[in-house]
2 protein chains.
Amino acid sequence: MADSWVNSAERIGSDLHLEWEPSGPGGRRAALTRALRDAVRTGRLAPGTRLPPYRSLAADLGVARNTVADAYAELVAEGWLTARQGSGTRVAERTEPPRTAPPRNAVHRTHPPRRPAVRARYDLRQGTPDASAFPRAAWLASYRRALQQAPDEVFGPGDPAGRIELRTALAEYLARARGARTDPGRIVVCSGFAHALRLLFAGRVLRGPLAVEAYGLPFHRELLTTAGVRTVPLPLDEHGARVEELGRERAVLLTPAHQFPTGGPLHAERRAAVVDWARARDGVVLEDDYDGEFRYDRKPVGALQSLDPERVILIGSVSKSLSPAVRLGWMVLPQRYVGDVLAAKGEREAWASVLDQLALADLIDSGSYDRHVRRMRQRYRRRRDRLVAALAEHAPHIEVSGVAAGLHAVLRLPPGSERSAVKAATWQGVALDGLAEYRHPAARDADMAVHDGLVVGYATPSEGAYGAALEALCGALPPDPG
Amino acid sequence: MADSWVNSAERIGSDLHLEWEPSGPGGRRAALTRALRDAVRTGRLAPGTRLPPYRSLAADLGVARNTVADAYAELVAEGWLTARQGSGTRVAERTEPPRTAPPRNAVHRTHPPRRPAVRARYDLRQGTPDASAFPRAAWLASYRRALQQAPDEVFGPGDPAGRIELRTALAEYLARARGARTDPGRIVVCSGFAHALRLLFAGRVLRGPLAVEAYGLPFHRELLTTAGVRTVPLPLDEHGARVEELGRERAVLLTPAHQFPTGGPLHAERRAAVVDWARARDGVVLEDDYDGEFRYDRKPVGALQSLDPERVILIGSVSKSLSPAVRLGWMVLPQRYVGDVLAAKGEREAWASVLDQLALADLIDSGSYDRHVRRMRQRYRRRRDRLVAALAEHAPHIEVSGVAAGLHAVLRLPPGSERSAVKAATWQGVALDGLAEYRHPAARDADMAVHDGLVVGYATPSEGAYGAALEALCGALPPDPG
């Protein structure tokens with residue numbers, strides 16, 4: 001079973017010479033250790049094999065005895081080799097895991113379902129801003145300034161609420177741009193909307209069931225389900241969510257500025273009514289302000305949160321205004337939740353990159369963020385106008401639902417035509433989703449003002465590709481039934 | 001109840017003039033909207049108050065009628081005002097939340113317990129690297145290169161596993177520096193060790209109970225408890241965790257390279273034994289490689305993970321090597337867990353800043369990371385040597401437990417003297433923890449090789465303050481009882 005050490009030494013020696021890089025990182029000892037480890041790993045040195053004494057291998061390889069001794073000791077410490085008084089150094093018996101069969105009882109789930117890789121020529125799926133428009137120069141300038149000006153304590157343990165510089169900048173920005181009533185003390189920085197939902201529900205700051213709009217992001221519903229929170233669909237009509245139908249829930253998640261995805265703002269009376277409901281029921285409204293900056297026909301409606309900062313949690317992020325690659329979002333919290341959210345976040349965790357936090361604070365304070373948002377507002381507005389114009393010309397029977405805002409639009413389709421329209425779009429090389437993807441599984445037909453529709457994300461394609469994408473889209477729309 | 005509009009107009013007019021900044025952001029309309037909103041918010045305009053017609057207020061203020069109309073419409077949309085056919089525009093009835101009493105049934109928890117603000121002159125608490133040593137120039141250079149070279153798709157939706165550039169760099173680095181057996185496909189980037197624990201347990205990839213070392217970070221235990229995972233203490237002796245006493249658990253969390261905080265490496269036979277245990281019980285070992293790079297007396301023992309990548313999850317981060325402000329960590333996973341971890345992470349979430357991921361990949365690939373680690377290893381080694389020398393001179397009866405490694409040391413104290421030593425240190429202006437802080441609540445005395453001790457973090461003070469910190473520490477140590 002065990003070779004004599006002479007043969008081993010020869011084999012080891014020749015194997016080692018193959019990889020012998022005495023000038024590599026760590027010098028001869030490290031190279032020898034690596035080579036031996038590889039020989040054991042790959043099975044060239046079988047379990048139980050006795051290794052040659054130090055001096056033999058040292059002579060064979062032309063290295064010092066101590067080099068070999070150190071390499072052996074290292075591999076004994078790692079468990080590759082065993083050294084026992086009187087029996088020399090051997091390859092350990094159980095260094096190679098059973099590779100052939102999966103372990104018993106192990107659950108072999110495959111990767112989670114991801115969006116299929118886009119082989120389509122045109123990506124009109126909603127959700128991300130124009131990736132080519134990220135303000136690299138302005139971001140880098142802010143990042144450099146932030147890094148250079150940062151006091152040393154920045155690199156120590158973080159404040160789980162987020163850097164005060166960013167919370168101060170956000171408080172000022174949200175008051176100015178969204179009419180929010182806030183101060184840095186009630187802002188908690190997180191890594192995005194999903195992180196906020198997790199902190200609130202998986203962190204048990206709030207409990208389910210949670211009322212949600214009958215159309216919404218499936219990703220959010222799934223996250224809530226995983227956290228053990230039941231979601232209850234709230235019917236939608238042309239004035240937004242029918243908040244007067246709120247049942248026994250004590251929390252509701254809304255997109256008041258621009259219903260996602262159908263596109264209407266929540267009616268002013270309902271804004272007031274849902275706050276009244278929260279007061280009466282000791283409830284709370286979660287305001288998903290996902291694209292509050294992007295209204296094109298008028299100044300955006302201010303944040304619902306301003307009606308009652310003690311009853312509304314305002315949640316936002318830079319995922320649509322800058323990029324989802326900058327993992328930064330925020331919650332503006334009723335004072336009574338601040339402590340619980342920080343506890344859910346963890347005492348010593350900052351979660352969001354502290355340097356990115358400082359860079360974003362600088363970007364806001366320097367006015368670069370506003371300039372970027374203004375520039376993108378113009379760009380997306382033009383894209384929406386082009387979409388509307390293309391429809392007017394090529395498919396005048398197709399109506400765009402909702403107000404002029406955001407990074408996507410919903411095209412209302414004749415009843416029953418959604419599925420075939422999505423398929424037709426695929427044939428035309430266009431990737432997009434039908435409205436059905438966003439529908440709450442428990443929603444009834446009567447709960448929806450819009451039934452069949454295509455969700456068209458007009459922000460994602462590059463400027464150059466957008467015209468052709470629109471053309472392909474129009475070619476996929478169902479003909480006028482009338 | 002409602003004033004006549006004439007009086008209101010006068011009051012509004014004078015109030016507005018106080019804040020009237022027609023050149024402010026958004027011009028006159030925005031200024032008027034703000035002023036009106038503030039008047040309603042602060043109660044100067046009481047609920048139910050009827051507002052003057054557009055033309056009256058416009059004349060009063062010297063602005064266009066449309067400016068007033070727009071401001072009213074805005075505030076109606078926000079819910080501050082109500083507009084009803086025939087009754088004009090009024091201040092809404094419920095614009096001010098009840099401020100006096102907290103809502104019924106609301107849980108008013110205070111902020112979570114945080115470490116007390118250090119008023120001590122010298123911070124010798126373990127946990128963070130020298131904040132003044134962050135390699136700002138190298139990091140900025142890597143960040144700039146990464147940002148400039150990044151393809152546009154970087155700013156689109158992220159890969160929940162982390163950027164391939166970083167996973168590739170980590171796979172190469174962990175093989176080279178830690179002897180890990182890995183490839184980019186089994187690495188998942190996260191924001192640090194705690195995030196990894198959350199994904200594994202709160203994400204239900206693994207289930208409790210989890211065996212942990214009898215001494216460990218209370219923060220991790222709390223996180224696990226919150227996730228509903230029971231932890232079971234594993235006794236420690238001079239060879240590390242007594243893995244042969246593993247009970248019915250199917251998962252164990254270990255710090256094999258350098259037990260935290262007592263400082264010994266896990267004995268080679270136990271390294272092998274715990275992997276055997278995992279194979280026999282279909283279990284898994286979580287390897288917390290929190291300071292694998294920082295061994296001073298010899299090359300660090302390689303990662304336990306290399307013994308069986310299908311039975312060990314290797315978890316690391318840059319929190320100690322660079323800074324906890326860079327929220328980046330990683331898991332090297334058995335192949336069968338990759339899908340579940342990604343599912344727990346969420347389909348469209350990157351969690352960790354994508355730009356920081358690219359910057360770290362560049363830092364590693366360019367050799368700057370290795371250079372920084374080497375520099376810090378020298379610095380911390382010198383600090384540890386100075387600690388040992390100071391003890392030898394001033395308190396030769398106090399022994400340093402564990403091997404020469406890491407960013408902290410444990411000073412063994414005579415039985416029963418820990419609490420008074422911590423107190424004495426506070427009197428000397430030194431902040432540090434006693435070993436008791438790290439003890440599992442269910443651990444028995446017999447489970448511990450070290451009982452009374454001080455955990456001295458020697459990395460945190462600046463270079464200049466370290467000498468004085470040591471002097472103060474020595475002044476706080478109990479006298480030789482012999």
# chains A, B, ... in the order shown; residues from 1 in each chain; ligands from 1
>>> select_by_dssp(residues="segment 49-253 of chain A", states="strand (DSSP E)", output="mmCIF file with C-alpha atoms, in the first residue's frame")
data_model
loop_
_atom_site.group_PDB
_atom_site.id
_atom_site.type_symbol
_atom_site.label_atom_id
_atom_site.label_comp_id
_atom_site.auth_asym_id
_atom_site.auth_seq_id
_atom_site.Cartn_x
_atom_site.Cartn_y
_atom_site.Cartn_z
ATOM 1 C CA LEU A 81 -0.294 14.853 6.279
ATOM 2 C CA THR A 82 -0.049 13.043 9.590
ATOM 3 C CA ALA A 83 3.076 12.778 11.686
ATOM 4 C CA ARG A 84 3.277 10.074 14.329
ATOM 5 C CA GLY A 88 7.254 9.100 10.030
ATOM 6 C CA THR A 89 5.147 11.453 7.977
ATOM 7 C CA ARG A 90 2.364 10.036 5.862
ATOM 8 C CA VAL A 91 -0.384 11.299 3.628
ATOM 9 C CA TYR A 122 -33.884 45.000 -27.404
ATOM 10 C CA ASP A 123 -34.320 45.010 -23.656
ATOM 11 C CA ILE A 187 -33.352 58.367 8.641
ATOM 12 C CA VAL A 188 -31.774 54.926 8.462
ATOM 13 C CA VAL A 189 -29.537 54.191 5.500
ATOM 14 C CA CYS A 190 -29.881 50.761 3.939
ATOM 15 C CA LEU A 210 -49.434 43.451 4.902
ATOM 16 C CA ALA A 211 -51.852 44.978 2.437
ATOM 17 C CA VAL A 212 -50.238 45.544 -0.956
ATOM 18 C CA GLU A 213 -51.462 46.917 -4.248
ATOM 19 C CA THR A 231 -49.687 39.859 1.710
ATOM 20 C CA VAL A 232 -53.275 40.822 0.984
ATOM 21 C CA PRO A 233 -54.086 42.460 -2.351
ATOM 22 C CA LEU A 234 -55.770 45.854 -2.325
ATOM 23 C CA LEU A 236 -56.830 49.241 -7.818
ATOM 24 C CA ASP A 237 -58.986 51.604 -9.829
ATOM 25 C CA GLY A 240 -55.053 54.183 -7.313
ATOM 26 C CA ALA A 241 -55.367 51.711 -4.455
ATOM 27 C CA ALA A 251 -49.719 47.922 7.552
ATOM 28 C CA VAL A 252 -50.063 48.785 3.889
ATOM 29 C CA LEU A 253 -47.440 49.164 1.179
#
>>> residues_around(residues="Arg270 of chain A", least_positions_apart="6", cutoff="12 Å", atoms="only C-alpha atoms", output="list of chain:residue names")
A:Leu236, A:Asp237, A:Glu238, A:His239, A:Gly240, A:Ala241, A:Arg242, A:Val243, A:Glu244, A:Glu245, A:Leu246, A:Leu254, A:Pro256, A:Asp276, A:Trp277, A:Leu304, A:Leu307, B:Val76, B:Ala77, B:Glu78, B:Gly79, B:Thr82
>>> write_last_selection(atoms="C-alpha atoms", output="PDB file, in the first residue's frame")
ATOM      1  CA  LEU A 236     -56.830  49.241  -7.818  1.00  0.00           C
ATOM      2  CA  ASP A 237     -58.986  51.604  -9.829  1.00  0.00           C
ATOM      3  CA  GLU A 238     -58.278  54.755 -11.808  1.00  0.00           C
ATOM      4  CA  HIS A 239     -57.633  56.651  -8.566  1.00  0.00           C
ATOM      5  CA  GLY A 240     -55.053  54.183  -7.313  1.00  0.00           C
ATOM      6  CA  ALA A 241     -55.367  51.711  -4.455  1.00  0.00           C
ATOM      7  CA  ARG A 242     -58.830  51.499  -2.898  1.00  0.00           C
ATOM      8  CA  VAL A 243     -57.568  52.217   0.572  1.00  0.00           C
ATOM      9  CA  GLU A 244     -61.112  52.411   1.900  1.00  0.00           C
ATOM     10  CA  GLU A 245     -61.187  48.624   1.495  1.00  0.00           C
ATOM     11  CA  LEU A 246     -58.342  48.072   3.915  1.00  0.00           C
ATOM     12  CA  LEU A 254     -48.248  51.786  -1.441  1.00  0.00           C
ATOM     13  CA  PRO A 256     -48.557  56.800  -4.008  1.00  0.00           C
ATOM     14  CA  ASP A 276     -56.628  58.618   8.727  1.00  0.00           C
ATOM     15  CA  TRP A 277     -56.886  54.837   8.584  1.00  0.00           C
ATOM     16  CA  LEU A 304     -47.414  61.099   1.395  1.00  0.00           C
ATOM     17  CA  LEU A 307     -49.071  64.185   5.909  1.00  0.00           C
TER      18      LEU A 307
ATOM     19  CA  VAL B  76     -54.480  69.519  -2.629  1.00  0.00           C
ATOM     20  CA  ALA B  77     -52.618  66.670  -4.286  1.00  0.00           C
ATOM     21  CA  GLU B  78     -50.430  66.312  -1.227  1.00  0.00           C
ATOM     22  CA  GLY B  79     -53.452  66.280   1.051  1.00  0.00           C
ATOM     23  CA  THR B  82     -59.112  70.098   0.023  1.00  0.00           C
TER      24      THR B  82
END
>>> residues_around(residues="Arg281 of chain B", least_positions_apart="2", cutoff="9 Å", atoms="only C-alpha atoms", output="list in words")
Arg248, Glu249, Arg250, Asp276, Trp277, Ala278, Arg279, Gly283 and Val284 of chain B
>>> interface_residues(of="chain B", to="chain A", cutoff="6 Å", atoms="only C-alpha atoms", output="JSON, numbers by chain")
{"B": [77, 78, 79, 97, 108, 110, 111, 112, 131, 132, 152, 155, 156, 268, 272, 301, 302, 307, 308, 323, 325, 326, 327, 336, 339, 343, 353, 354]}
>>> write_last_selection(atoms="C-alpha atoms", output="tab-separated table (two decimals), in the first residue's frame")
chain	number	residue	atom	x	y	z
B	77	ALA	CA	-52.62	66.67	-4.29
B	78	GLU	CA	-50.43	66.31	-1.23
B	79	GLY	CA	-53.45	66.28	1.05
B	97	PRO	CA	-50.88	64.26	13.65
B	108	HIS	CA	-41.69	52.38	22.33
B	110	THR	CA	-35.38	52.67	23.02
B	111	HIS	CA	-32.31	52.43	20.83
B	112	PRO	CA	-30.60	49.08	20.97
B	131	ALA	CA	-8.40	53.22	11.17
B	132	SER	CA	-5.54	55.56	10.32
B	152	ASP	CA	-21.79	49.91	-18.87
B	155	PHE	CA	-24.52	49.86	-13.69
B	156	GLY	CA	-27.39	47.57	-14.56
B	268	ALA	CA	-4.43	19.25	13.42
B	272	ALA	CA	-9.33	16.22	10.54
B	301	VAL	CA	-2.22	27.39	8.94
B	302	GLY	CA	-4.19	26.96	5.73
B	307	LEU	CA	-9.71	19.42	3.70
B	308	ASP	CA	-13.17	19.14	2.22
B	323	SER	CA	-11.70	48.28	7.20
B	325	ALA	CA	-16.24	50.53	6.28
B	326	VAL	CA	-15.67	48.56	3.08
B	327	ARG	CA	-18.66	46.28	3.46
B	336	ARG	CA	-24.85	22.14	-3.08
B	339	GLY	CA	-28.29	27.91	-5.21
B	343	ALA	CA	-32.09	32.38	-3.40
B	353	SER	CA	-21.57	47.96	-3.51
B	354	VAL	CA	-20.70	46.85	-7.01
>>> closest_atom_pairs(of="segment 240-344 of chain B", to="segment 418-437 of chain B", cutoff="12 Å", atoms="only C-alpha atoms", output="tab-separated table")
residue	atom	partner	partner_atom	distance
B:Phe260	CA	B:Leu435	CA	10.6
B:Pro261	CA	B:Leu435	CA	8.0
B:Thr262	CA	B:Leu435	CA	8.5
B:Gly263	CA	B:Leu435	CA	11.9
>>> write_last_selection(atoms="C-alpha atoms", output="mmCIF file, in the first residue's frame")
data_model
loop_
_atom_site.group_PDB
_atom_site.id
_atom_site.type_symbol
_atom_site.label_atom_id
_atom_site.label_comp_id
_atom_site.auth_asym_id
_atom_site.auth_seq_id
_atom_site.Cartn_x
_atom_site.Cartn_y
_atom_site.Cartn_z
ATOM 1 C CA PHE B 260 -11.602 33.911 18.895
ATOM 2 C CA PRO B 261 -10.859 35.319 21.366
ATOM 3 C CA THR B 262 -8.661 32.928 23.350
ATOM 4 C CA GLY B 263 -6.136 32.606 20.553
#
>>> residues_around(residues="Arg55 of chain A", least_positions_apart="6", cutoff="9 Å", atoms="only C-alpha atoms", output="count of residues only")
5
>>> residues_around(residues="segment 397-399 of chain B", least_positions_apart="5", cutoff="8 Å", atoms="only C-alpha atoms", output="ChimeraX atom specification")
/B:391-392,411-413,480
>>> write_last_selection(atoms="N, CA and C atoms", output="tab-separated table (two decimals), in the first residue's frame")
chain	number	residue	atom	x	y	z
B	391	LEU	N	4.43	43.63	29.26
B	391	LEU	CA	3.99	42.71	30.32
B	391	LEU	C	5.20	42.07	31.00
B	392	ALA	N	6.17	41.65	30.20
B	392	ALA	CA	7.36	41.02	30.77
B	392	ALA	C	8.04	41.96	31.76
B	411	LEU	N	-5.06	38.41	27.90
B	411	LEU	CA	-4.17	38.34	29.06
B	411	LEU	C	-4.85	37.49	30.12
B	412	ARG	N	-4.21	36.40	30.49
B	412	ARG	CA	-4.80	35.51	31.51
B	412	ARG	C	-4.62	36.15	32.87
B	413	LEU	N	-5.69	36.16	33.64
B	413	LEU	CA	-5.66	36.80	34.96
B	413	LEU	C	-5.84	35.76	36.05
B	480	ASP	N	0.97	40.62	41.29
B	480	ASP	CA	1.32	39.20	41.39
B	480	ASP	C	0.83	38.64	42.73
>>> atom_distance(atom1="atom CA of Val285 of chain A", atom2="atom CA of Ala409 of chain A")
25.1 Å
>>> atom_distance(atom1="atom CA of Ala161 of chain A", atom2="atom CA of Met331 of chain A")
9.8 Å
>>> closest_residue(among="B:Pro396, B:Pro479, B:Gly402, B:Pro441", to="Arg230 of chain B", atoms="only C-alpha atoms")
B:Pro441
>>> atom_distance(atom1="atom CA of Asp297 of chain B", atom2="atom CA of Ala404 of chain B")
5.9 Å
>>> closest_residue(among="B:Arg29, B:Gln149, B:Leu217, B:Gly367", to="Tyr173 of chain B", atoms="only C-alpha atoms")
B:Gly367
>>> select_by_dssp(residues="segment 170-392 of chain A", states="helix (DSSP H, G or I)", output="PyMOL selection string")
chain A and resi 170-178+184-186+193-202+218-226+243-245+268-281+304-307+335-345+354-365+368-392
